[in-house]
Amino acid sequence: MTVRTRFAPSPTGYLHVGGARTALFSYLFARRHGGQFVLRIEDTDLERSTAESVNAIMEGLTWLGLDYDEGPFFQTERFERYQQVVDDLLERGLAYRCDCPKERLDRLRDTQMAAKVKPRYDGHCRGREIDPEQPHVVRFKNPVDGAVIVDDLIRGRVPFANTELDDLIIRRSDGSPTYNLTVVVDDADMAITHVIRGDDHLNNTPRQINILKALGHEPPRYAHVPMILGPDGKRLSKRHGAVSVVSYRDNGYLPEALLNYLVRLGWSHGDQEVFSLDEMIALFDISDVNTAASAFNVEKLDWLNQHYIQHGEPKHIARLLSPHMGELGIDPAEDGPELVDVVMAQAARAKTLKELAAISAFCYRDFEDYDEAAAKKHLRPVARPALEGLRAELEMLALEDWEPETLHRVVERVAEELELNMGKVAQPLRVAVVGRAASPGIDVTLQLVGKDATLRRIDRALAFIDARAANA
C-alpha cells in the first residue's frame, strides 16, 4: 500500500499555525513512508472562500518548504462528481429527501434540549416520498444500530454508537454538497490512506466512515491531533498574538525554526530539541504524538529562531535577511558591506531577522540619535583625546588596510599612547560609530562601517561632546 496523506484547508483566511502543524505532520508521515502528500482546497463555502486566502495558504506552505506531490485540487471544480454520488445513494436507498420545515426542526431541537437529550434529527422523512421538484435537502441514511469504532492512531480505540449519530444532510436545498459528503468523496477518489487532522473533526469521523462504507470504500486510518492552546490555556487565536504563518515570516522568523517548533508541539524524540527537516522525516511517528493539548510558547520559538540564525549557513541567513533590510529602506547591494559579512558578525545578537536588520542598519547608513545612556556615559569631554587620536590614525590608513587586524592595532596604539585601558578608548569609539554601547568587536565594527562613515561619525561625536560641554 502506498501511503497517501492530504492537507485540506478551507480558504476562508490565512494559514494559521495549527493548520501548518497539521500539514507538517501529514507531510512528515508521507515522506517517512515513501508516500505522497496531497493538497486539497475545500472551498465549498462560496461566501467565505477567497482567492486571496488560497494564495495565502499556498504562500505559507511554500515558505515552510512543505512541497506537495499532487494538487491543489479544488472542491468547487468537483460539484458534478458530488452530485453523482448523492444521486447514487438516493437510487440505492442509502439516502433520502427531507422537506422538514425549519419550524419543525426548531421545535424538535427545543424539545430534545428541554429533555436533556442530545439534539439530532429524528428520521421523520425516512419513509416518506418527497417530490424531487419541491424544495428539499438530502440526508444520508445512517445505520440505526451497532457502533462505529474509530481506531485512532493517536487516541487509540474510540467507539461511537450509531444511535448517537443522526441522518446528516449531504446536499442542501440549493443543491450544494455539504462538508461531510465532499471530504468523503475526495478521500475515496484520491486514494487517501491516512487522514491527519485536528481533533475538532473527531465527531465527524464516524459519520464519514459510515458514508465511506455505504460507498463501498475502506476508510482511511485517522489520527486526530490535539489543539494548540495559548498561554492562558484557551484555544490559540489572534488575541494571543500572531497566528498566521506568513506573519511569522514577516516578523523575522526562519521557516526551519517555525517547523522545528511546530513539530515539538505535541511530539518528541527523547530530549532532542533541534531537528533538521531530514531528521524530522526520519524520526517522526504519528503514534508518538501526545493526546493532550500543547501550549504555544513564544519564548521557546524565539530560542529556536536565534539558534538557527546563529548556526545557520550565513549565505542562507543573508538571503532571508535581505527583505528585512529592504523594509528599513536599505539596499544591501547598493552600498556598504556584504550582507553575509554582517550576518557573520551579528548573528549571535538577535532573536529574529527583523531584530537583526534593526541592529545592523548602522553598517549601511548613519543613525539618527545616540542611545541616551550610552552617550551620557561615553561621549564626555574626557573621551575627546581618544577620539581625536583615533580619527588622526584612522584617516591615515589606506582603504586596502581597512582590515580588522590593522584596525585593532590602531585602537591598541592610541590606548597605549594615552595610557588608557582598551575599554576607555573602544567604547567611546563604538558609541560614536554605532550610536549605542553594543556591537561586534570594535575592529569588525569599523570594517563593516567603512572608512568614510567612520571618520564622519567621529566628527559628529566630537561636535556632540562640544555641544554638551557648552550647554553644561
# chains A, B, ... in the order shown; residues from 1 in each chain; ligands from 1
call {"tool": "residues_around", "arguments": {"residues": "segment 21-31 of chain A", "least_positions_apart": "3", "cutoff": "6 Å", "atoms": "only C-alpha atoms", "output": "list of chain:residue names"}}
result
A:Thr5, A:Phe7, A:Gly18, A:Gly34, A:Gly35, A:Gln36, A:Phe37, A:Ile196, A:Arg197, A:Leu262, A:Ile281
call {"tool": "residues_around", "arguments": {"residues": "Val414 of chain A", "least_positions_apart": "4", "cutoff": "7 Å", "atoms": "only C-alpha atoms", "output": "ChimeraX atom specification"}}
result
/A:386,389-390,410,418
call {"tool": "residues_around", "arguments": {"residues": "Pro143 of chain A", "least_positions_apart": "5", "cutoff": "10 Å", "atoms": "only C-alpha atoms", "output": "JSON, numbers by chain"}}
result
{"A": [94, 148, 161, 162, 163, 165, 166, 167, 207, 210, 211, 214]}
call {"tool": "closest_atom_pairs", "arguments": {"of": "segment 246-319 of chain A", "to": "segment 327-349 of chain A", "cutoff": "9 Å", "atoms": "only C-alpha atoms", "output": "Markdown table"}}
result
| residue | atom | partner | partner_atom | distance |
| --- | --- | --- | --- | --- |
| A:Gln306 | CA | A:Ala348 | CA | 7.3 |
| A:His307 | CA | A:Ala348 | CA | 8.3 |
| A:Ile309 | CA | A:Ala347 | CA | 5.8 |
| A:Gln310 | CA | A:Ala347 | CA | 4.9 |
| A:His311 | CA | A:Ala347 | CA | 8.2 |
| A:Pro314 | CA | A:Val340 | CA | 5.7 |
| A:Lys315 | CA | A:Val340 | CA | 5.6 |
| A:His316 | CA | A:Val340 | CA | 8.6 |
| A:Ile317 | CA | A:Val343 | CA | 7.1 |
| A:Ala318 | CA | A:Val340 | CA | 5.3 |
| A:Arg319 | CA | A:Val340 | CA | 8.4 |
call {"tool": "select_by_dssp", "arguments": {"residues": "segment 106-169 of chain A", "states": "alpha helix (DSSP H)", "output": "list in words"}}
result
Asp106, Arg107, Leu108, Arg109, Asp110, Thr111, Gln112, Met113 and Ala114 of chain A
call {"tool": "atom_distance", "arguments": {"atom1": "atom CA of Leu446 of chain A", "atom2": "atom CA of Val434 of chain A"}}
result
9.3 Å
call {"tool": "atom_distance", "arguments": {"atom1": "atom CA of Gly127 of chain A", "atom2": "atom CA of Val184 of chain A"}}
result
25.2 Å
